[in-house]
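Participant: One structure coming up, written as structure tokens, with questions to follow.
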Amino acid sequence: MSEDILRHRYTDGRPNLRRFHQARWDEPIIFELSREGQRGILVPEVEPGIRERVGDVLGVLPEKMRRKKPPALPELAQPQVLRHYVRLSQENLGTDLNIDVGQGTCTMKYSPKINDQLARSPKVTELHPLQPEETVQGILEVMYRFEQILKEISGMDRFSLQPGAGSAAIYTNASIIRAYHRMRGEQDQRDEIITTIFSHPSNAACARTAGFKIITLYPDEDGYPDLEALKAVVSERTAGLMITNPEDTGIYNPRIAEFVRVVHDAGGLCAYDQANANGILGITRARDAGFDLCHFNLHKTFSTPHGCGGPGAGVVGATEELVRFLPVPLVEFDGQRYYLDYDRPDSIGKIRPFYGNVSVILKAYAWVMSLGAEGLRQVAEIAVLNNNYLLHKMLEIPGVSAPYARGKHRIEQVRYSWQGLTEETGVHSEQIGLRAADFGVHYWTSHHPWIVPEPCTLEPTESYTKDELDEYVAILAHVAEEARTDPEKVRTAPHNSTIHTIDHAPLDDPSRWAMTWRAYRRKVEGKGEA
Amino acid sequence: MSEDILRHRYTDGRPNLRRFHQARWDEPIIFELSREGQRGILVPEVEPGIRERVGDVLGVLPEKMRRKKPPALPELAQPQVLRHYVRLSQENLGTDLNIDVGQGTCTMKYSPKINDQLARSPKVTELHPLQPEETVQGILEVMYRFEQILKEISGMDRFSLQPGAGSAAIYTNASIIRAYHRMRGEQDQRDEIITTIFSHPSNAACARTAGFKIITLYPDEDGYPDLEALKAVVSERTAGLMITNPEDTGIYNPRIAEFVRVVHDAGGLCAYDQANANGILGITRARDAGFDLCHFNLHKTFSTPHGCGGPGAGVVGATEELVRFLPVPLVEFDGQRYYLDYDRPDSIGKIRPFYGNVSVILKAYAWVMSLGAEGLRQVAEIAVLNNNYLLHKMLEIPGVSAPYARGKHRIEQVRYSWQGLTEETGVHSEQIGLRAADFGVHYWTSHHPWIVPEPCTLEPTESYTKDELDEYVAILAHVAEEARTDPEKVRTAPHNSTIHTIDHAPLDDPSRWAMTWRAYRRKVEGKGEA
Amino acid sequence: MTRDGPMIHPYIPNSVPAIKEQMLQEIGVNDIEEFYEDIPTELRLTGLMNLPPPFLSEIELRRHVEGLLARNRTADEVLSFLGAGCYQHQVPAVCDEINQRGEFLTAYAGEPYDDHGRFQALFEYTSMMGELLNMDVVNVPTYDGFQAAATSLRMASRLTGRPEALVCGTIGRDKLSKIRDYCQRAMEIRLVPYDPKTGLMDLKSLRAMISDRTAAVYFENPSYLGFVESQGDEIAALAHEHGAVCVVSVDPISLGVIAPPADYGADIVCGDIQPLGIHMQYGGGHGGFIATRDEERYVMEYPSRLFGIAPTRVPGEYGFGDVAYERTSFAQREKGKEWVGTAAALWGITAGVYLALMGPQGMVEIGEGIMARTYYAMARLAEIQGVRVPLFHAPHFQEFVVNLDQTGKTVAEINRALLARGIFGGKDLSREFPELGQSALYCVSEVHQQRDLDRLAEALEEVVR
Amino acid sequence: MTRDGPMIHPYIPNSVPAIKEQMLQEIGVNDIEEFYEDIPTELRLTGLMNLPPPFLSEIELRRHVEGLLARNRTADEVLSFLGAGCYQHQVPAVCDEINQRGEFLTAYAGEPYDDHGRFQALFEYTSMMGELLNMDVVNVPTYDGFQAAATSLRMASRLTGRPEALVCGTIGRDKLSKIRDYCQRAMEIRLVPYDPKTGLMDLKSLRAMISDRTAAVYFENPSYLGFVESQGDEIAALAHEHGAVCVVSVDPISLGVIAPPADYGADIVCGDIQPLGIHMQYGGGHGGFIATRDEERYVMEYPSRLFGIAPTRVPGEYGFGDVAYERTSFAQREKGKEWVGTAAALWGITAGVYLALMGPQGMVEIGEGIMARTYYAMARLAEIQGVRVPLFHAPHFQEFVVNLDQTGKTVAEINRALLARGIFGGKDLSREFPELGQSALYCVSEVHQQRDLDRLAEALEEVVR
Ligand SMILES: Cc1ncc(COP(=O)(O)O)c(C=O)c1O
Ligand SMILES: Cc1ncc(COP(=O)(O)O)c(C=O)c1O
């Protein structure tokens, strides 16, 4: 009898580490694949009847407005274009492939294929946004229904589905806060937005872009947002509070309602960054804590895929008082038909063209409709269970800690620290991540600034099995052990990825950086056109 | 300035070999991923109204006909099923990914994505084959039009689109030959089918399955089918001739018309295996050489993807005299509507359920309609150009030869021999192929028996660029060189694939082979149910 | 072609004249024509073929093809009760996602090294089918259920060296036609009469017909006419008594609730995997399975590829390869068993995905759910005067015969009237089984809601009135 | 939920009670409730949310969603002449194939090691856009063309330290609204009047308005109203004379035939990539590009991610990474430039695939083909009495204004009548540009055949009669 293959795959009943290697195609830059004259696709020819009538139509362009020579795009036949990109795709690690708990705060949950399939229907993709409303009743109904769902989930009174992603939604909130104070004649006076350091950086950045000064609160000793600090900074200059909760640490601010009250009392508005509301769906709602505004990332909480960084959608909810400021148009229903209401004089106007990322909205709608209230609550509960399970396991790795709120549980993610390991071995969080890549998983340190030293943020969502969480922890435990026994291996990682350690220096050097192939060719060779 | 990365990618202006590694996920068998209770998809519930009416419906089954316990299928949630199979897919090398010239005779050409897209329309996928004809006029028209195209390409009078792939079409031809002789009362007498050793093995195998004795001709010194040998074997026992041309060697039989004549004179029929007609589309036609029957593989010549080994389609063409024998039904058009004609008393009957692999047929139709007559001819010409270019380059590799027809050109593929290299180094063709896998390409030795020693068959089709052909040759040249300088490296290949050298012994040992996981578990562990 | 100059096609990279020239030069040839030197002039086509003008841009091609397809009305658009060998079921999106991946879709016949994924996916498919069927050996799919049945019989004939198969009389006539053609020189196919009341095989006739010439006794479960053949154990025993092989064709979707044929004595089990996550495609979604016990004499009779698991030189790595390759026509040409070739591997992978998604519970629920809907539909139709349903007194799964003799109308007439009401009525059996009079074969699955079945009942009532 | 027992959902593997139990035990906690200890009771929702009952099987979900969508009539089904910022073009199947690949679709923000493919694909996208635009720096896409224009203006404001932008008066009102909101606290937006005959920017007014307060002069090519702004060189020169930045928004599909703005002096070029292989999606297919010369002061003002190429420790390996990451809000929070976040990367990859497929020749042909169709359409409509087309005397690309004042009918009336004939007429401009009277913006592209344009002309003739 042959030896049992399985015998070598497990040790003490646990699976051994995956012997992973990422696809490595060593692909050229697409310009290198170009051969003069090849065509990737043909465009419909101008019919003779048209040609006869219009003649050399380019002649109508003044000489200076005519392109002198065709753009120097690569010339490839279709199979080669396809092959190039399929190969590149294999060198990319989507959630479909990996135990994607390492991009904490990003909510890398499962994006159901059925929803993608539905959103690919020509009944969605081939709609022009300016079609007569009577020809788009279906998609308007989807948007309308989804708004009702969002209202129930958040307690807010109306939603705009327009913003293109989370930060755009945060900006929208800032713009609404600005409009509110302008309406009250306080726009010049109220120019400060308060946020916390463990709120997503976009809260600070978007508010700043909207013209506000930013006041950033730091946590108290236990890692909770500091109520006393808040009280110390509110004033008649306070335009509003813009925060995440649970914060990036995974810690829920138990005094959130009081935070809101303090800001309200000072005359400010409160906007809740619920990009990631995964752990509290059906558990607690923005409105109940007193918020005036909130937003969700459909590409996080609502499962739509991240698309390498978009398209996503950030939906903005407002209380009755602020509805008037929401972007135009809103989707309305008169009992008979759905329509777009542009007649909203106090609106902040447009945040993006048309009505939002409609395919994304459709996917999110389908996702909710496949779960219902009970399902959404289970999403939250299991996400939180997974997170606390992971926390429990992670803390068993020597050298790992979870600063703050010790002994408490976390909601949806945890910001860990490898400080202990770094002190012991000199190996840094980032290096641990690159070595983890050798086992086929993502790993993300954390947003700057690194208040938590040598951080990493893990967020398991509801989508992964216990076995997968165990595998992820086993990988990190293994790498931590390596940091002790073979630190060079960790420091020189990755070894099994598509490529090896990058020399980052040119990327910060204006004389060497190159954001296009033409710039690169010019800089390294002095070739190419300027 | 940074050093030019490109400098290290080329030597003497030619790209260096690709530093390839195939995705390696080390995936468990899906049963290992099972955890009790998990669900991958839910089925619609029985509505209460139905439930009330029917009650415990399983009660109608006699006890012995009820399944005692649920099948021991794995239990996985949906993301895990998806992830498992996406990972497996990355461990597979489709034509979309590699320079697929190494599976010679298989015509691994580009399968245009637009055709896949069209065939995925619900207007195709959601049709039931027994729908009233008036509700399937569209798909019937596609089938009808495609038949007209096939008639023009082959010169034959009618086609059946029914057989599921090439060998099924060959079998269909054999069955028609049988029916023809039966109709003439010669069925017992005419029980011999003649084929050639360089015709695809299915010609021999399918004809044998249809009850014929097989006579196999070997080539003459120059590698051409031997006319004298044919003359020596034809007789009143001859039912027919079933051959490929060009043969697997890529050599076109210039006396093909004479072959046909000799067999006709002996009272036999001639069936032309045109599975791969890629090199002669628009150049020469089955009918013109006198054939009575022919078939095409839509999954080769007509570009439809191979699907890991089907679905494909083998369409069978017949001359007027033999049309009556074609499988039922044929698609007919009365000037107004398309319909299925079952009223064909002499037909051999059904070869498969319904009418064929309709999605495959649609893709092939779309492919022809995107090329037209000029395009098809270019397919042939460029495929042949590519093949002869590859031949020219291959012969520059020391140790490679292309037996037969020396100094002549080939049509669509070439059967090469590494005999020289093997004699010099002891490295065999198969080992060369496994080492070639380390560079991300397929390589196939050849069908058995190996008349050509240490064979490999390459077929570049029209789909690959000159650069790709050069890369393929460079890989083989490199491996051949390695066979001399580092034969151990070649012998122990692959090194950069998903897995390493397999121990094949258990696969031929009844006490150890295992075609299912349950059998494997039982055999290695004595576990599981018998 | 109205474009100027030579055609440079996106699918043909080297159609660029300069590249062509360069390649010809390197070969040392002046003209592509020279490559065709072996083709005699009299066989050469002069000029271009007479084909329709092409649609060179995708948008024109799409317009043309979608324009044709727009004339179809699908079983999604019309309420369909058609089955008879091709079934409308839920197709999970993950099934499509996997079988549309270029890696699987465009691969073919590579080595287990570069195509490890295909080997593992198909090994897993056969392994899951093995569980469903309670059998240890399952083939890489052959073309379809017809082929699987025909090959199963020929396997039986080779195993026994006998020249005759006894086949249940309720087999569909198309499948019978396939089997007859396929077995023509190998064995005689004789139909065993069925009991006109129950549809079940008439065991008395079977006893009379079976002999030492009998290679196989073949029946189906559920039968083509929808009822469950509940005498499986007796038929198998009879076959075995006479040294024959018991071959059963089965709809795999029934096996969550109905006993797998191996449990009542089948030696070879075959069928079609189309119901397992594969779109109907106008009959283009078929794949055939054959399963047996893991006995060498059975294994050696398979014509199909059989993928087995094996170690590699790295401990703990799963390798795969062909089991007993020497059986095949690839290895042995006409000395192999029947033949092997391109068949339906992608559907095998897909069915594997389907079974992995469904799991044990899913298969139980779908089976039970189909039966519940079937019984509801039968009950509703039975209320209609003049409609006899089910025609056979036996348990049913998914399909049932509706006899309309007493309505005074033909099935064709009734189906036309149903179509006018947006319904595809059951398959007309009046030519296939004239002895059943004006009968139609109705099919119900988990896609049907109560209101669909009610709608059918109401429409039929109207129509027969 | 009518299923018995706890819900075990396919999307939530650990919803299996036994697994849940086991995990709780390992953690040492009795109940999931404990994890929520930090959430005050008064903030806790009691009971379930009031949401519609779910469709737990895919087939039910599909039926529901497709049922809703069936009420849409698409621009494929109706003959459409709508543009105004969202365009119907040929979308090559390869574009869809690539952006549907799970590896790209479900990835996010990994390191350049595990996500090498994303970095390379986006670097290639920016590289090809660079060729099209004749510029050396292109960003990883921002949300859409509106955002790209608004950010370009703020970049100009930061570059110059000036508080005002002069914007062509023909800008679409939605885009203007976005820009006004976005620049509210950063700069004032002033509209430069246009010549009512030609639509071109009124240079006299521009000269009068421009000053050392002017950060940017902004215009579009082709303009929102379809004509080509042919004074680009003069406008750019004027801007530069006054130390201002010249910002041009451009439709990339025009750049095979129309000069890229860099050639006539633009400093920042922006626009939307939706036309490059991305489906309209009811306005959900947008992505914004911003391009500049490779000058440090420009580069440092981008808020977006910029992907650069770099060597790795293995010679000849391409590595990629963020250029000047410290600019960004990821690195610097409010001290970064505006902000960066999820935007439209997948459409960037897609547009790259599109440009790689099209190549130089494709871009020339599509540009020329669109112009030819545009001129044909204008000529055909101009034959109709009472229809003034094009309203502006200037070269046109793709879009043009049709004035209907002399028909005595409103655009709304005419569009309703066209719809009844299966046509989406041009966008009604009467509220957006009241000064143009009853005018509509028609859009023509390579999807239109001669017979479509003729059909439009015939229908319009009928309707205005
Ligand atoms: C809490 C929180 N807020 C805001 C954002 C920003 O969202 P987006 O990336 O869609 O702009 C994120 C995502 O990174 C987030 O996790
Ligand atoms: C010439 C020839 N004939 C027949 C076949 C058999 O075709 P299939 O694999 O579709 O059965 C092939 C393909 O392998 C072939 O190349």
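Here, A, B, ... name the chains of the structure tokens in the order displayed, residue numbers run from 1 inside each chain, and ligands are numbered from 1 in the same displayed order.
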Using only C-alpha atoms and all ligand atoms, determine which residues fall within 7 Å of ligand 2, then list them as a list in words.
Facilitator: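 Using only C-alpha atoms and all ligand atoms, everything at most 7 Å from ligand 2 comes to Thr105, Cys106, Ala165, Gly166, Ser167, Ala168, Ser199, His200, Ser202, Thr244, Asp248, Asp273, Gln274, Ala275, Asn276, Asn297, Gly312, Ala313 and Gly314 of chain B; Val340, Gly341, Thr342 and Ala343 of chain C.
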Participant: Show me a table, sorted first by chain and then by increasing residue number, of the residues of chain C having an atom at most 10 Å from chain D, each with its shortest atom pair and the distance in Å to one decimal, counting only C-alpha atoms and written as JSON lines.
Facilitator:
{"residue": "C:Pro10", "atom": "CA", "partner": "D:Leu357", "partner_atom": "CA", "distance": 8.7}
{"residue": "C:Ser57", "atom": "CA", "partner": "D:Gln90", "partner_atom": "CA", "distance": 8.7}
{"residue": "C:Glu58", "atom": "CA", "partner": "D:Pro92", "partner_atom": "CA", "distance": 6.9}
{"residue": "C:Ile59", "atom": "CA", "partner": "D:Gln90", "partner_atom": "CA", "distance": 5.9}
{"residue": "C:Glu60", "atom": "CA", "partner": "D:Val447", "partner_atom": "CA", "distance": 8.5}
{"residue": "C:Arg62", "atom": "CA", "partner": "D:Gln90", "partner_atom": "CA", "distance": 10.0}
{"residue": "C:Arg63", "atom": "CA", "partner": "D:Asp76", "partner_atom": "CA", "distance": 9.3}
{"residue": "C:Asp76", "atom": "CA", "partner": "D:Arg63", "partner_atom": "CA", "distance": 9.3}
{"residue": "C:His89", "atom": "CA", "partner": "D:Ile59", "partner_atom": "CA", "distance": 8.8}
{"residue": "C:Gln90", "atom": "CA", "partner": "D:Ile59", "partner_atom": "CA", "distance": 5.9}
{"residue": "C:Val91", "atom": "CA", "partner": "D:Ile59", "partner_atom": "CA", "distance": 8.0}
{"residue": "C:Pro92", "atom": "CA", "partner": "D:Glu58", "partner_atom": "CA", "distance": 6.8}
{"residue": "C:Ala93", "atom": "CA", "partner": "D:Glu58", "partner_atom": "CA", "distance": 8.0}
{"residue": "C:Glu97", "atom": "CA", "partner": "D:Gly102", "partner_atom": "CA", "distance": 8.9}
{"residue": "C:Gln100", "atom": "CA", "partner": "D:Glu97", "partner_atom": "CA", "distance": 9.4}
{"residue": "C:Arg101", "atom": "CA", "partner": "D:Arg101", "partner_atom": "CA", "distance": 7.7}
{"residue": "C:Gly102", "atom": "CA", "partner": "D:Glu97", "partner_atom": "CA", "distance": 8.9}
{"residue": "C:Leu357", "atom": "CA", "partner": "D:Pro10", "partner_atom": "CA", "distance": 8.7}
{"residue": "C:Met358", "atom": "CA", "partner": "D:Pro10", "partner_atom": "CA", "distance": 9.9}
{"residue": "C:Glu446", "atom": "CA", "partner": "D:Ile59", "partner_atom": "CA", "distance": 9.0}
{"residue": "C:Val447", "atom": "CA", "partner": "D:Ile59", "partner_atom": "CA", "distance": 7.1}
{"residue": "C:His448", "atom": "CA", "partner": "D:Ile59", "partner_atom": "CA", "distance": 10.0}
{"residue": "C:Gln449", "atom": "CA", "partner": "D:Glu60", "partner_atom": "CA", "distance": 9.5}
Participant: Can you work out which residues from chain B touch chain A at a cut-off of 8 Å (counting only C-alpha atoms) and hand them back as a VMD selection string?
Facilitator: chain B and resid 1 to 4 18 to 27 79 to 80 82 to 84 86 to 87 90 96 to 98 110 112 440 463 to 464 506 511 to 512 523 to 525
Participant: Print the selection's residues with C-alpha atoms to a file, as a CSV table (one decimal), in the first residue's frame.
Facilitator:
chain,number,residue,atom,x,y,z
B,1,MET,CA,19.8,57.7,-12.4
B,2,SER,CA,18.6,54.1,-11.7
B,3,GLU,CA,19.8,51.3,-13.8
B,4,ASP,CA,17.5,50.5,-16.6
B,18,ARG,CA,10.7,34.1,-18.5
B,19,ARG,CA,11.3,33.5,-14.8
B,20,PHE,CA,8.1,31.6,-14.3
B,21,HIS,CA,6.4,30.0,-11.4
B,22,GLN,CA,3.0,28.5,-11.6
B,23,ALA,CA,0.6,29.3,-8.8
B,24,ARG,CA,1.0,26.8,-6.1
B,25,TRP,CA,-1.8,26.6,-3.6
B,26,ASP,CA,-1.2,23.2,-2.1
B,27,GLU,CA,-4.9,22.9,-1.8
B,79,PRO,CA,-16.9,31.6,-0.1
B,80,GLN,CA,-14.8,28.5,0.6
B,82,LEU,CA,-15.4,29.5,-4.6
B,83,ARG,CA,-12.0,30.0,-3.1
B,84,HIS,CA,-11.0,26.4,-3.5
B,86,VAL,CA,-10.5,29.6,-8.0
B,87,ARG,CA,-7.2,28.4,-6.6
B,90,GLN,CA,-4.9,29.1,-11.2
B,96,ASP,CA,-5.7,32.2,-22.3
B,97,LEU,CA,-2.5,32.0,-20.3
B,98,ASN,CA,0.2,30.2,-22.3
B,110,TYR,CA,-7.5,31.9,-29.6
B,112,PRO,CA,-12.6,35.0,-28.7
B,440,GLY,CA,5.0,28.2,-18.3
B,463,SER,CA,-3.1,32.9,-33.0
B,464,TYR,CA,0.5,33.4,-31.8
B,506,PRO,CA,-0.1,3.3,-7.9
B,511,SER,CA,-4.6,-2.5,-5.1
B,512,ARG,CA,-3.5,1.1,-4.8
B,523,LYS,CA,-7.2,1.8,0.6
B,524,VAL,CA,-4.7,3.8,2.6
B,525,GLU,CA,-6.5,3.6,5.9
Participant: Run DSSP on the backbone and tell me which residues of region 37-274 of chain D come out as strand (DSSP E); list them as a PDB file with C-alpha atoms, in the first residue's frame.
Facilitator:
ATOM      1  CA  LEU D  79     -32.180  53.922 -30.361  1.00  0.00           C
ATOM      2  CA  SER D  80     -30.357  56.394 -28.166  1.00  0.00           C
ATOM      3  CA  VAL D 137       2.270  61.913 -15.323  1.00  0.00           C
ATOM      4  CA  VAL D 138      -1.179  60.401 -14.972  1.00  0.00           C
ATOM      5  CA  GLU D 164     -10.015  82.186  -8.546  1.00  0.00           C
ATOM      6  CA  ALA D 165     -10.734  80.008 -11.547  1.00  0.00           C
ATOM      7  CA  LEU D 166     -12.104  81.180 -14.868  1.00  0.00           C
ATOM      8  CA  VAL D 167     -14.290  78.512 -16.365  1.00  0.00           C
ATOM      9  CA  CYS D 168     -15.769  78.347 -19.844  1.00  0.00           C
ATOM     10  CA  GLU D 188     -14.091  81.382  -6.558  1.00  0.00           C
ATOM     11  CA  ILE D 189     -15.454  79.982  -9.801  1.00  0.00           C
ATOM     12  CA  ARG D 190     -16.270  82.563 -12.453  1.00  0.00           C
ATOM     13  CA  LEU D 191     -17.818  81.735 -15.790  1.00  0.00           C
ATOM     14  CA  VAL D 192     -16.308  83.217 -18.924  1.00  0.00           C
ATOM     15  CA  THR D 214      -6.468  83.843 -11.523  1.00  0.00           C
ATOM     16  CA  ALA D 215      -5.219  80.411 -10.572  1.00  0.00           C
ATOM     17  CA  ALA D 216      -6.611  78.610 -13.577  1.00  0.00           C
ATOM     18  CA  VAL D 217      -8.366  79.008 -16.852  1.00  0.00           C
ATOM     19  CA  TYR D 218     -10.488  75.958 -17.547  1.00  0.00           C
ATOM     20  CA  PHE D 219     -12.198  74.782 -20.684  1.00  0.00           C
ATOM     21  CA  GLU D 220     -13.283  71.561 -22.331  1.00  0.00           C
ATOM     22  CA  ASN D 221     -12.478  69.883 -25.599  1.00  0.00           C
ATOM     23  CA  VAL D 245      -2.492  77.352 -15.036  1.00  0.00           C
ATOM     24  CA  CYS D 246      -4.334  76.156 -18.115  1.00  0.00           C
ATOM     25  CA  VAL D 247      -6.664  73.265 -17.276  1.00  0.00           C
ATOM     26  CA  VAL D 248      -8.385  71.364 -20.055  1.00  0.00           C
ATOM     27  CA  SER D 249     -10.945  68.629 -19.726  1.00  0.00           C
ATOM     28  CA  VAL D 250     -10.991  66.287 -22.661  1.00  0.00           C
ATOM     29  CA  ILE D 268      -3.267  70.047 -16.375  1.00  0.00           C
ATOM     30  CA  VAL D 269      -5.475  67.798 -18.425  1.00  0.00           C
ATOM     31  CA  CYS D 270      -8.406  65.965 -16.940  1.00  0.00           C
ATOM     32  CA  GLY D 271     -11.438  64.025 -17.961  1.00  0.00           C
ATOM     33  CA  ASP D 272     -13.469  60.850 -17.649  1.00  0.00           C
TER      34      ASP D 272
END
Participant: When you get a sec, could you note down which chain C residues fall within 12 Å of chain A, using only C-alpha atoms, as a PyMOL selection string?
Facilitator: chain C and resi 1-4+6-20+54-63+90-98+101-103+106+309-320
Participant: Do you know which residues are at most 10 Å from Arg377 (chain A) counting only C-alpha atoms, after dropping those on the same chain fewer than 5 positions away, and could you put them as a PyMOL selection string?
Facilitator: (chain A and resi 278-283+371-372+382-383) or (chain D and resi 48-49)
Participant: Which residues are close to Gly408 (chain C), i.e. within 12 Å by only C-alpha atoms, leaving aside same-chain residues fewer than 5 positions away? Reply as a PyMOL selection string.
Facilitator: chain C and resi 385-387+403+413-414+437-439+463-465
Participant: Sorted by chain and rising residue number, which residues of chain D lie within 12 Å of ligand 1, and what are their closest atom pairs and distances in Å to one decimal, counting only C-alpha atoms and all ligand atoms, as a tab-separated table?
Facilitator:
residue	atom	partner	partner_atom_place_in_ligand_line	distance
D:Tyr108	CA	ligand 1	9 (O)	9.5
D:Ala109	CA	ligand 1	14 (O)	9.3
D:Thr142	CA	ligand 1	11 (O)	10.5
D:Tyr143	CA	ligand 1	11 (O)	10.0
D:Ser304	CA	ligand 1	11 (O)	11.5
D:Ser329	CA	ligand 1	6 (C)	10.9
D:Phe330	CA	ligand 1	14 (O)	9.6
D:Arg333	CA	ligand 1	6 (C)	11.9
D:Trp339	CA	ligand 1	11 (O)	8.6
D:Val340	CA	ligand 1	11 (O)	6.8
D:Gly341	CA	ligand 1	11 (O)	3.8
D:Thr342	CA	ligand 1	9 (O)	3.8
D:Ala343	CA	ligand 1	11 (O)	6.9
D:Ala344	CA	ligand 1	10 (O)	10.2
D:Ala345	CA	ligand 1	9 (O)	11.4
Participant: What's the 12 Å shell around Asp265 (chain A), counting only C-alpha atoms, without same-chain residues fewer than 2 positions away, as a PyMOL selection string?
Facilitator: chain A and resi 231+234-236+238-241+258-263+267-270+290
Participant: Any idea what's packed within 10 Å of Asp251 (chain D), counting only C-alpha atoms, ignoring anything in its chain fewer than 4 positions away? Could you give it as JSON, numbers by chain?
Facilitator: {"D": [85, 145, 220, 221, 222, 223, 224, 255, 258, 260, 270, 271, 272, 273, 274, 275, 276, 397]}
Participant: DSSP on the backbone, then: every residue of region 27-223 of chain A marked alpha helix (DSSP H), written as a ChimeraX atom specification.
Facilitator: /A:48-54,78-90,113-119,122-125,137-154,166-183,201-209
Participant: If we count only C-alpha atoms and set the cut-off at 9 Å, which residues sit around Leu140 (chain B), ignoring sequence neighbours fewer than 4 positions away in its own chain? Please answer as a list in words.
Facilitator: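 In the requested format, the answer is Glu133, Val136, Tyr144, Arg145, Val331, Glu332, Tyr338, Tyr339 and Leu340 of chain B.
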Participant: CA of Arg173 (chain D) to CA of Glu77 (chain D): how many Å, to one decimal?
Facilitator: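 Computed distance, CA of Arg173 (chain D) to CA of Glu77 (chain D), equals 28.6 Å.
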Participant: From the list D:Lys337, D:Arg185, D:His279, D:Arg162, which residue is nearest Gly243 (chain D) when using only C-alpha atoms?
Facilitator: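 Among D:Lys337, D:Arg185, D:His279, D:Arg162, it is D:Arg162 that comes nearest to Gly243 (chain D).
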